[in-house]
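Enquirer: Here it is: the structure, laid out below.
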Amino acid sequence: MIQREKYIAPIRDFYDSDLIKIITGIRRCGKSVVLSQISEEIRKKTDNVIFLNFEDRGTLSKISNCDELLAYVEKTRHKSKCFLFLDEIQNVKDWPDACKTLRLHDCSVFITGSNSKLLSKEFTKELSGRYVAFRIRPFVFKEIQECLTQQGRSATITDYLVYGGFPMRFEFNTESATRNYLNDLDQTIVINDIVNRYKIRKPELFSKLANYVLISNSRILSAKSIYNYIKGQFSECSVNTITKYLGYLKEAYVISSIKQYSTKAKRELNFFEKIYDEDVAFNSIRVADGIFDLTHNLENVVYNELLYRGYSLSVYSGKQEIDFCAQKENKKYFIQVAYSVAERSTYDREMGAFADIDNTHAKILISNDDIDYSTSTVRHIKLKDFLEMEDFT
């Protein structure tokens with residue numbers, strides 16, 4: 001088990017706060033592990049800690065609703081500040097009432113929940129400003145390296161580009177076992193959770209849309225373009241339905257998107273978004289012929305790594321599109337991503353995207369090439385070096 005300090009560090013500032021700490025993210029990204037690591041850290045300072053896992057049937061048989069939870073905490077806690085960890089809290093009836101009450105009685109409350117029932121928009125509705133949320137994601141490459149080193153194994157970039165970073169998949173040693181696990185996880189997250197949660201009446205249409213979007217990662221899409229692809233097969237399809245289904249995938253953390261920024265209009269282009277998978281495994285398990293889409297997965301991996309490092313991202317649309325305008329702490333980087341620029345035409349296209357960017361801004365090309373293609377104005381970073389960096393220097 002690796003220590004996920006990148007996520008724990010910002011939560012640490014809120015250990016003593018009466019705000020409810022919500023640890024959120026896609027199913028099986030490691031939320032419960034982070035919750036456990038925080039509780040173990042706090043136990044070094046106090047024994048007034050209660051940890052309840054509501055996926056455990058024994059726990060849930062005794063504590064299944066708000067009143068039972070309040071009674072248990074009152075009976076178990078000490079009189080000083082109590083640190084309360086509630087894993088998979090959505091299984092408790094009227095859990096928001098319990099959390100809101102506990103925070104008023106000198107409890108520091110930490111919760112996690114399944115993405116099928118505890119979604120981002122519900123935090124505002126149920127807890128109305130009494131919370132602070134922290135998003136956990138699947139492993140990035142440095143975390144994979146650390147995890148596999150503990151197991152006496154080594155990580156490869158190709159494996160990461162194909163099968164991504166869901167933590168539990170690294171418990172399996174064969175490709176077939178890995179694919180079985182990821183297929184089952186995909187069925188649970190993408191189909192079962194969302195269809196059941198939203199009571200989708202057209203599951204075949206939703207499944208078709210999800211498959212199309214997830215295998216089209218790192219591309220600019222719109223609800224209208226997806227509608228045009230699907231309408232011939234589903235006559236009852238509409239743009240509004242497509243928009244609604246895309247929203248469900250985002251709320252369940254299956255996909256995310258970044259806006260295009262137009263230098264000509266000086267505004268965001270709201271109708272078109274570049275969509276990325278939460279994990280590239282969602283793309284690869286949909287490939288039937290074994291010809292994996294490493295080009296788009298590589299860009300998706302760079303996107304995930306930049307988010308992990310705290311950058312806000314947009315697509316820059318000047319004379320040519322630049323994959324990322326990444327900003328953090330008053331620093332701005334224009335980043336172009338390619339699998340390889342060894343071919344002259346590809347090199348000219350990727351480097352040409354920087355033509356209208358002045359040299360006061362950092363211009364970076366990331367590719368899987370081993371040769372250094374840096375110029376006097378563009379810094380080329382090899383993918384293997386980028387994945388092992390703490391940040392740009």
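Please note that chains go A, B, ... in the order of the structure tokens, that every chain numbers its residues from 1, and that ligands are numbered from 1 in the order shown.
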Within segment 51-150 of chain A, find each residue whose DSSP state, derived from the backbone, is strand (DSSP E or B), and express the selection as a list in words.
Expert: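 DSSP-assigned strand (DSSP E or B) residues in segment 51-150 of chain A: Phe51, Leu52, Asn53, Asn65, Cys82, Phe83, Leu84, Phe85, Leu86, Asp87, Lys93, Cys107, Ser108, Val109, Phe110, Ile111, Thr112, Tyr131, Val132, Ala133, Phe134 and Arg135 of chain A.
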Enquirer: Using only C-alpha atoms, what does the table of segment 106-159 of chain A residues within 12 Å of segment 298-310 of chain A look like, with each row giving the shortest atom pair and its distance in Å to one decimal, sorted by chain and ascending number, as JSON lines?
Expert:
```
{"residue": "A:Arg135", "atom": "CA", "partner": "A:Tyr308", "partner_atom": "CA", "distance": 10.0}
{"residue": "A:Ile136", "atom": "CA", "partner": "A:Tyr308", "partner_atom": "CA", "distance": 9.2}
{"residue": "A:Arg137", "atom": "CA", "partner": "A:Tyr308", "partner_atom": "CA", "distance": 8.1}
{"residue": "A:Pro138", "atom": "CA", "partner": "A:Asn304", "partner_atom": "CA", "distance": 9.1}
{"residue": "A:Phe139", "atom": "CA", "partner": "A:Glu305", "partner_atom": "CA", "distance": 9.4}
{"residue": "A:Val140", "atom": "CA", "partner": "A:Glu305", "partner_atom": "CA", "distance": 6.3}
{"residue": "A:Phe141", "atom": "CA", "partner": "A:Glu305", "partner_atom": "CA", "distance": 8.2}
{"residue": "A:Lys142", "atom": "CA", "partner": "A:Glu305", "partner_atom": "CA", "distance": 9.7}
{"residue": "A:Glu143", "atom": "CA", "partner": "A:Glu305", "partner_atom": "CA", "distance": 11.0}
{"residue": "A:Ile157", "atom": "CA", "partner": "A:Leu298", "partner_atom": "CA", "distance": 9.7}
{"residue": "A:Thr158", "atom": "CA", "partner": "A:Leu298", "partner_atom": "CA", "distance": 9.5}
{"residue": "A:Asp159", "atom": "CA", "partner": "A:Leu298", "partner_atom": "CA", "distance": 11.3}
```
Enquirer: Each residue of segment 101-156 of chain A lying at most 8 Å from segment 73-92 of chain A should get a row with its shortest atom-to-atom pair and the distance in Å to one decimal, counting only C-alpha atoms; could you produce that, ordered by chain and increasing number, as JSON lines?
Expert:
```
{"residue": "A:Asp106", "atom": "CA", "partner": "A:Lys81", "partner_atom": "CA", "distance": 5.1}
{"residue": "A:Cys107", "atom": "CA", "partner": "A:Cys82", "partner_atom": "CA", "distance": 4.7}
{"residue": "A:Ser108", "atom": "CA", "partner": "A:Phe83", "partner_atom": "CA", "distance": 4.8}
{"residue": "A:Val109", "atom": "CA", "partner": "A:Leu84", "partner_atom": "CA", "distance": 4.9}
{"residue": "A:Phe110", "atom": "CA", "partner": "A:Phe85", "partner_atom": "CA", "distance": 4.8}
{"residue": "A:Ile111", "atom": "CA", "partner": "A:Leu86", "partner_atom": "CA", "distance": 4.7}
{"residue": "A:Thr112", "atom": "CA", "partner": "A:Asp87", "partner_atom": "CA", "distance": 5.0}
{"residue": "A:Gly113", "atom": "CA", "partner": "A:Glu88", "partner_atom": "CA", "distance": 4.2}
{"residue": "A:Ser114", "atom": "CA", "partner": "A:Glu88", "partner_atom": "CA", "distance": 6.1}
{"residue": "A:Lys117", "atom": "CA", "partner": "A:Gln90", "partner_atom": "CA", "distance": 6.5}
{"residue": "A:Leu118", "atom": "CA", "partner": "A:Gln90", "partner_atom": "CA", "distance": 6.5}
```
Enquirer: Using Å and a single decimal, report how far atom CA of Leu102 of chain A sits from atom CA of Glu126 of chain A.
Expert: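 Atom CA of Leu102 of chain A lies at a distance of 14.6 Å from atom CA of Glu126 of chain A.
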Enquirer: Would you work out the distance separating atom CA of His380 of chain A from atom CA of Asp293 of chain A, expressed in Å to one decimal?
Expert: 22.2 Å
Enquirer: For atom CA of Lys363 of chain A and atom CA of Ser216 of chain A, determine how far apart the two atoms are, in Å to one decimal place.
Expert: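 One can read the atom CA of Lys363 of chain A to atom CA of Ser216 of chain A distance as 26.2 Å.
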